[in-house]
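Text of structure-v1.txt (compact mmCIF, C-alpha atoms and all ligand atoms) as supplied:
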```
# COMPACT_ATOMS: atom_id res chain seq x y z
CA MET H 1 0.00 0.00 0.00
CA GLY H 2 2.91 2.26 0.91
CA SER H 3 4.52 1.70 -2.47
CA PHE H 4 1.17 2.33 -4.20
CA GLY H 5 0.84 5.71 -2.42
CA HIS H 6 4.38 6.59 -3.34
CA GLY H 7 3.69 5.67 -6.97
CA SER H 8 0.56 7.87 -7.02
CA ALA H 9 2.49 10.81 -5.62
CA VAL H 10 5.17 10.37 -8.25
CA PHE H 11 2.46 10.16 -10.93
CA LEU H 12 0.78 13.35 -9.63
CA VAL H 13 4.05 15.29 -9.58
CA ALA H 14 4.91 13.99 -13.03
CA SER H 15 1.49 15.09 -14.30
CA LEU H 16 1.90 18.58 -12.84
CA VAL H 17 5.38 18.91 -14.31
CA THR H 18 4.00 17.77 -17.67
CA LEU H 19 1.11 20.22 -17.42
CA VAL H 20 3.40 23.14 -16.49
CA GLY H 21 5.70 22.02 -19.28
CA VAL H 22 2.82 22.09 -21.75
CA CYS H 23 1.59 25.47 -20.53
CA TYR H 24 5.01 27.12 -20.60
CA GLY H 25 6.27 24.89 -23.37
CA GLY H 26 8.78 26.38 -25.78
CA SER H 27 10.66 29.66 -25.50
CA ASP H 28 8.27 31.21 -28.06
CA ALA H 29 5.16 30.38 -25.99
CA PRO H 30 2.89 33.44 -26.22
CA ARG H 31 2.31 35.41 -23.01
CA GLY H 32 -1.45 35.09 -23.39
CA VAL H 33 -1.33 31.33 -22.87
CA ALA H 34 -1.02 30.71 -19.15
CA MET H 35 -1.43 27.88 -16.70
CA GLY H 36 -5.06 26.85 -16.64
CA PHE H 37 -5.19 25.91 -12.96
CA VAL H 38 -4.24 29.33 -11.55
CA PHE H 39 -7.64 30.85 -12.07
CA ASP H 40 -8.92 34.02 -10.37
CA PRO H 41 -12.69 34.32 -10.86
CA LYS H 42 -12.48 38.08 -10.08
CA ALA H 43 -9.73 38.69 -12.61
CA LYS H 44 -10.10 41.63 -14.97
CA CYS H 45 -8.57 41.78 -18.42
CA ASP H 46 -8.38 45.14 -20.12
CA PRO H 47 -8.25 45.10 -23.11
CA PRO H 48 -10.54 42.07 -22.97
CA CYS H 49 -9.64 38.59 -24.19
CA GLU H 50 -10.71 37.96 -27.77
CA HIS H 51 -11.92 34.89 -29.64
CA ALA H 52 -13.53 33.24 -26.60
CA GLY H 53 -10.33 33.51 -24.53
CA ILE H 54 -10.87 33.37 -20.74
CA CYS H 55 -9.54 35.97 -18.33
CA ILE H 56 -7.82 33.81 -15.68
CA ARG H 57 -5.74 36.44 -13.88
CA ASN H 58 -5.55 40.21 -14.12
CA ASN H 59 -4.57 40.97 -17.69
CA THR H 60 -3.82 37.35 -18.48
CA CYS H 61 -5.93 35.54 -21.03
CA PHE H 62 -6.20 31.82 -21.53
CA CYS H 63 -6.74 31.51 -25.24
CA SER H 64 -9.00 29.05 -26.96
CA LYS H 65 -7.51 26.62 -29.42
CA GLY H 66 -6.24 28.27 -32.58
CA TYR H 67 -5.51 31.70 -31.05
CA GLU H 68 -2.54 33.31 -29.35
CA GLY H 69 -1.21 36.65 -28.19
CA GLU H 70 -1.76 38.64 -24.99
CA THR H 71 -5.46 39.17 -25.76
CA CYS H 72 -5.79 36.05 -27.97
CA LYS H 73 -6.02 38.43 -30.92
CA TYR H 74 -3.96 36.39 -33.38
CA ALA H 75 -5.01 33.23 -35.10
CA ASN H 76 -2.36 30.58 -35.41
CA CYS H 77 -1.78 28.28 -38.31
CA TYR H 78 0.03 24.95 -38.08
CA PRO H 79 1.93 24.25 -40.14
CA LYS H 80 2.84 27.92 -40.39
CA CYS H 81 1.87 29.91 -43.49
CA LYS H 82 4.75 29.69 -45.92
CA ASN H 83 6.17 32.21 -48.41
CA GLY H 84 5.00 35.27 -46.48
CA GLY H 85 1.38 34.14 -46.04
CA ILE H 86 -0.66 35.62 -43.17
CA CYS H 87 -2.71 33.52 -40.76
CA LEU H 88 -6.30 34.83 -41.08
CA ARG H 89 -8.21 32.26 -39.05
CA PRO H 90 -6.93 29.12 -37.32
CA GLY H 91 -5.52 26.97 -40.10
CA LYS H 92 -6.43 29.49 -42.84
CA CYS H 93 -3.62 31.41 -44.52
CA ARG H 94 -3.92 34.38 -46.83
CA CYS H 95 -1.25 33.94 -49.45
CA PRO H 96 0.79 36.60 -51.25
CA PRO H 97 0.44 36.81 -55.04
CA GLY H 98 2.05 33.86 -56.74
CA TYR H 99 1.31 31.39 -53.96
CA GLY H 100 -1.67 29.23 -53.06
CA GLY H 101 -2.70 26.07 -51.28
CA ARG H 102 -3.64 25.66 -47.63
CA TYR H 103 -0.29 26.84 -46.33
CA CYS H 104 0.75 29.01 -49.30
CA HIS H 105 3.23 26.27 -50.14
CA LYS H 106 2.13 25.96 -53.79
CA VAL H 107 3.15 28.22 -56.62
CA THR H 108 0.10 29.58 -58.45
CA CYS H 109 -0.06 31.75 -61.52
CA ASP H 110 -2.68 34.50 -61.37
CA GLY H 111 -5.37 33.67 -63.95
CA GLY H 112 -3.75 30.29 -64.62
CA CYS H 113 -1.68 29.18 -67.58
CA TRP H 114 -3.47 28.60 -70.89
CA ASN H 115 -2.81 26.31 -73.82
CA GLY H 116 -0.90 23.72 -71.85
CA GLY H 117 1.41 26.16 -70.04
CA GLU H 118 2.86 25.10 -66.68
CA CYS H 119 3.03 27.30 -63.57
CA THR H 120 6.54 27.21 -62.09
CA ALA H 121 8.51 29.34 -59.63
CA VAL H 122 11.32 31.15 -61.42
CA ASN H 123 13.60 32.94 -58.91
CA GLY H 124 10.72 32.91 -56.40
CA VAL H 125 8.22 34.39 -58.87
CA ALA H 126 5.36 32.34 -60.31
CA LYS H 127 5.56 32.14 -64.08
CA CYS H 128 3.85 30.24 -66.86
CA ILE H 129 6.25 28.11 -68.87
CA CYS H 130 4.61 27.93 -72.30
CA PRO H 131 4.71 25.22 -74.95
CA SER H 132 6.79 26.20 -77.96
CA SER H 133 3.95 27.58 -80.09
CA TRP H 134 2.56 29.92 -77.43
CA THR H 135 3.84 32.94 -75.51
CA GLY H 136 2.65 35.72 -73.19
CA SER H 137 2.26 35.83 -69.38
CA LYS H 138 -0.56 33.24 -69.55
CA CYS H 139 0.60 31.55 -72.78
CA GLN H 140 -2.39 33.29 -74.37
CA GLU H 141 -0.58 34.51 -77.50
CA ALA H 142 -0.03 32.18 -80.42
CA LEU H 143 3.29 32.25 -82.23
CA CYS H 144 3.49 32.44 -86.01
CA PRO H 145 7.11 31.67 -86.88
CA GLN H 146 6.51 32.72 -90.49
CA GLY H 147 5.38 36.16 -89.29
CA CYS H 148 2.10 37.89 -90.15
CA ARG H 149 2.77 40.73 -92.55
CA ASN H 150 0.72 43.68 -93.80
CA GLY H 151 -1.29 44.03 -90.58
CA GLY H 152 -2.10 40.33 -90.23
CA ILE H 153 -2.70 38.92 -86.74
CA CYS H 154 -1.44 35.59 -85.46
CA VAL H 155 -4.60 33.85 -84.18
CA ALA H 156 -3.36 30.28 -83.69
CA PRO H 157 0.06 28.65 -83.90
CA GLY H 158 1.23 29.23 -87.48
CA ILE H 159 -2.08 30.77 -88.61
CA CYS H 160 -2.40 34.44 -89.57
CA SER H 161 -5.70 36.27 -89.89
CA CYS H 162 -5.14 38.64 -92.80
CA PRO H 163 -6.72 42.05 -93.38
CA GLU H 164 -8.81 42.57 -96.50
CA GLY H 165 -6.75 42.58 -99.64
CA TRP H 166 -4.11 40.13 -98.39
CA LEU H 167 -3.82 36.37 -98.53
CA GLY H 168 -1.36 33.59 -97.80
CA GLY H 169 0.22 31.98 -94.75
CA ALA H 170 1.97 35.22 -93.80
CA CYS H 171 -0.57 37.61 -95.44
CA HIS H 172 2.14 38.25 -98.00
CA THR H 173 0.03 37.91 -101.17
CA ASP H 174 -1.68 40.97 -102.57
CA VAL H 175 -5.21 39.95 -103.60
CA THR H 176 -5.53 42.85 -106.05
CA GLN H 177 -2.60 41.50 -108.07
CA HIS H 178 -4.57 38.30 -108.69
CA PHE H 179 -8.08 39.69 -108.93
CA SER H 180 -7.86 43.13 -110.51
CA PRO H 181 -11.07 45.14 -111.04
CA LEU H 182 -10.55 44.56 -114.74
CA TRP H 183 -11.01 40.82 -114.22
CA LEU H 184 -14.23 41.46 -112.29
CA VAL H 185 -15.57 43.59 -115.15
CA ALA H 186 -14.57 40.94 -117.66
CA GLY H 187 -16.27 38.24 -115.58
CA PHE H 188 -19.44 40.26 -115.26
CA MET H 189 -19.56 40.89 -119.00
CA LEU H 190 -19.07 37.21 -119.72
CA CYS H 191 -21.99 36.37 -117.44
CA ALA H 192 -24.18 39.09 -118.99
CA LEU H 193 -23.40 38.04 -122.57
CA SER H 194 -23.69 34.30 -122.08
CA PRO H 195 -27.00 32.92 -123.39
CA ALA H 196 -29.47 31.87 -120.67
C1 LIG V 201 -6.99 42.60 -10.08
O1 LIG V 201 -7.38 43.92 -10.38
C2 LIG V 201 -8.35 44.43 -9.50
C3 LIG V 201 -8.83 45.78 -9.99
O2 LIG V 201 -7.94 46.38 -10.86
C4 LIG V 201 -7.75 44.52 -8.08
O3 LIG V 201 -8.70 45.00 -7.18
C5 LIG V 201 -7.31 43.11 -7.67
O4 LIG V 201 -6.66 43.14 -6.42
C6 LIG V 201 -6.39 42.50 -8.70
N1 LIG V 201 -6.12 41.10 -8.37
C7 LIG V 201 -4.92 40.60 -8.20
C8 LIG V 201 -4.83 39.14 -7.89
O5 LIG V 201 -3.91 41.28 -8.36
```
Give the structure from this file in structure tokens form.
Amino acid sequence: MGSFGHGSAVFLVASLVTLVGVCYGGSDAPRGVAMGFVFDPKAKCDPPCEHAGICIRNNTCFCSKGYEGETCKYANCYPKCKNGGICLRPGKCRCPPGYGGRYCHKVTCDGGCWNGGECTAVNGVAKCICPSSWTGSKCQEALCPQGCRNGGICVAPGICSCPEGWLGGACHTDVTQHFSPLWLVAGFMLCALSPA
């Protein structure tokens, strides 16, 4: 019985040490988190404890899970928000541009990457790496290696949309050289003269 009592006492002391260890655990333990068993029911906290924190001693808040700081003002995120993200609510990070995911650990390209482009961090900045026939910040611009001349616009890889009067893969052919007004007149006359 004597040994049992001794064992219980050891267990109790060990528990208290563990509890104190938990409460004061780590050198970066926030001041607002204090030992739960030193509780003064008449304690006043001014400014008051936030986010359902309990005032346990004068100006000492016991914060609810997910919050820290002297008045339990700050949400905490574990794992911590990466890449300069800010903890908005417990476990919810707000990420800086270029990063996403729960802990801002993923590189994201604003607006995404189009046409098979891949979002990758280049020197810490999110960038779309485009397939060979596309370019632009989102890989939204097609490339026409042949060039689009005479005001033509590259609308798809290798395909130019030509302005009126121009034809060909690079809008390099003058339509008027092939279909002069004279030809139109001749064609019209042929139609008019041909017997019905
Ligand atoms: C807490 O503050 C109140 C009022 O400011 C004071 O009367 C009381 O003695 C304080 N309690 C302790 C434990 O210091």
Show me which residues sit within 9 Å of ligand LIG 201 (chain V) when counting all atoms listed in the file, and put them as an mmCIF file with C-alpha atoms, in the frame of the given file.
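What ended up in selection.cif:
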```cif
data_model
loop_
_atom_site.group_PDB
_atom_site.id
_atom_site.type_symbol
_atom_site.label_atom_id
_atom_site.label_comp_id
_atom_site.auth_asym_id
_atom_site.auth_seq_id
_atom_site.Cartn_x
_atom_site.Cartn_y
_atom_site.Cartn_z
ATOM 1 C CA ASP H 40 -8.920 34.020 -10.370
ATOM 2 C CA LYS H 42 -12.480 38.080 -10.080
ATOM 3 C CA ALA H 43 -9.730 38.690 -12.610
ATOM 4 C CA LYS H 44 -10.100 41.630 -14.970
ATOM 5 C CA CYS H 45 -8.570 41.780 -18.420
ATOM 6 C CA ARG H 57 -5.740 36.440 -13.880
ATOM 7 C CA ASN H 58 -5.550 40.210 -14.120
ATOM 8 C CA ASN H 59 -4.570 40.970 -17.690
#
```
One decimal, in Å: what's the spacing between atom CA of Cys144 of chain H and atom CA of Cys119 of chain H?
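Here the two named atoms are 23.0 Å from each other.
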Of the candidates H:Lys138, H:Gln146, H:Gly98, H:Lys127, which shows the shortest atom-to-atom distance to Trp114 of chain H, using all atoms listed in the file?
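Closest to Trp114 of chain H of all the choices is H:Lys138.
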Which of these, H:Cys171, H:Cys55, H:Cys130, H:Cys109, has the shortest distance to Asn150 of chain H once you count all atoms listed in the file?
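Closest residue, counting all atoms listed in the file: H:Cys171.
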Of the listed residues H:Cys148, H:Val107, H:Ile56, H:Cys63, that which approaches Lys82 of chain H most closely, counting only C-alpha atoms
H:Val107
Considering only C-alpha atoms, return as a ChimeraX atom specification whatever protein or nucleic-acid residues lie within 12 Å of Lys106 of chain H, sequence-local ones (same chain, fewer than 6 positions apart) excluded.
/H:81-83,85,95-100,119-121,124-126
If you count only C-alpha atoms, which residues fall within 12 Å of segment 157-162 of chain H, apart from same-chain ones fewer than 6 positions away, as an MDAnalysis selection string?
chainID H and resid 115 131:135 139:151 168:175
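A straight line drawn from atom CA of Asp46 of chain H to atom CA of Ala75 of chain H is 19.4 Å long.
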Atomic distance atom CA of Gly66 of chain H - atom CA of Gly91 of chain H, expressed in Å with one decimal:
7.7 Å
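Among the candidates H:Gly69, H:Gly101, H:Pro41, H:Gly84, the one nearest to Gly53 of chain H when counting all atoms listed in the file is H:Gly69.
The nearest approach to Gly111 of chain H among the residues H:Thr176, H:Cys93, H:Ile129, H:Ser137, with all atoms listed in the file taken into account, belongs to H:Ser137.
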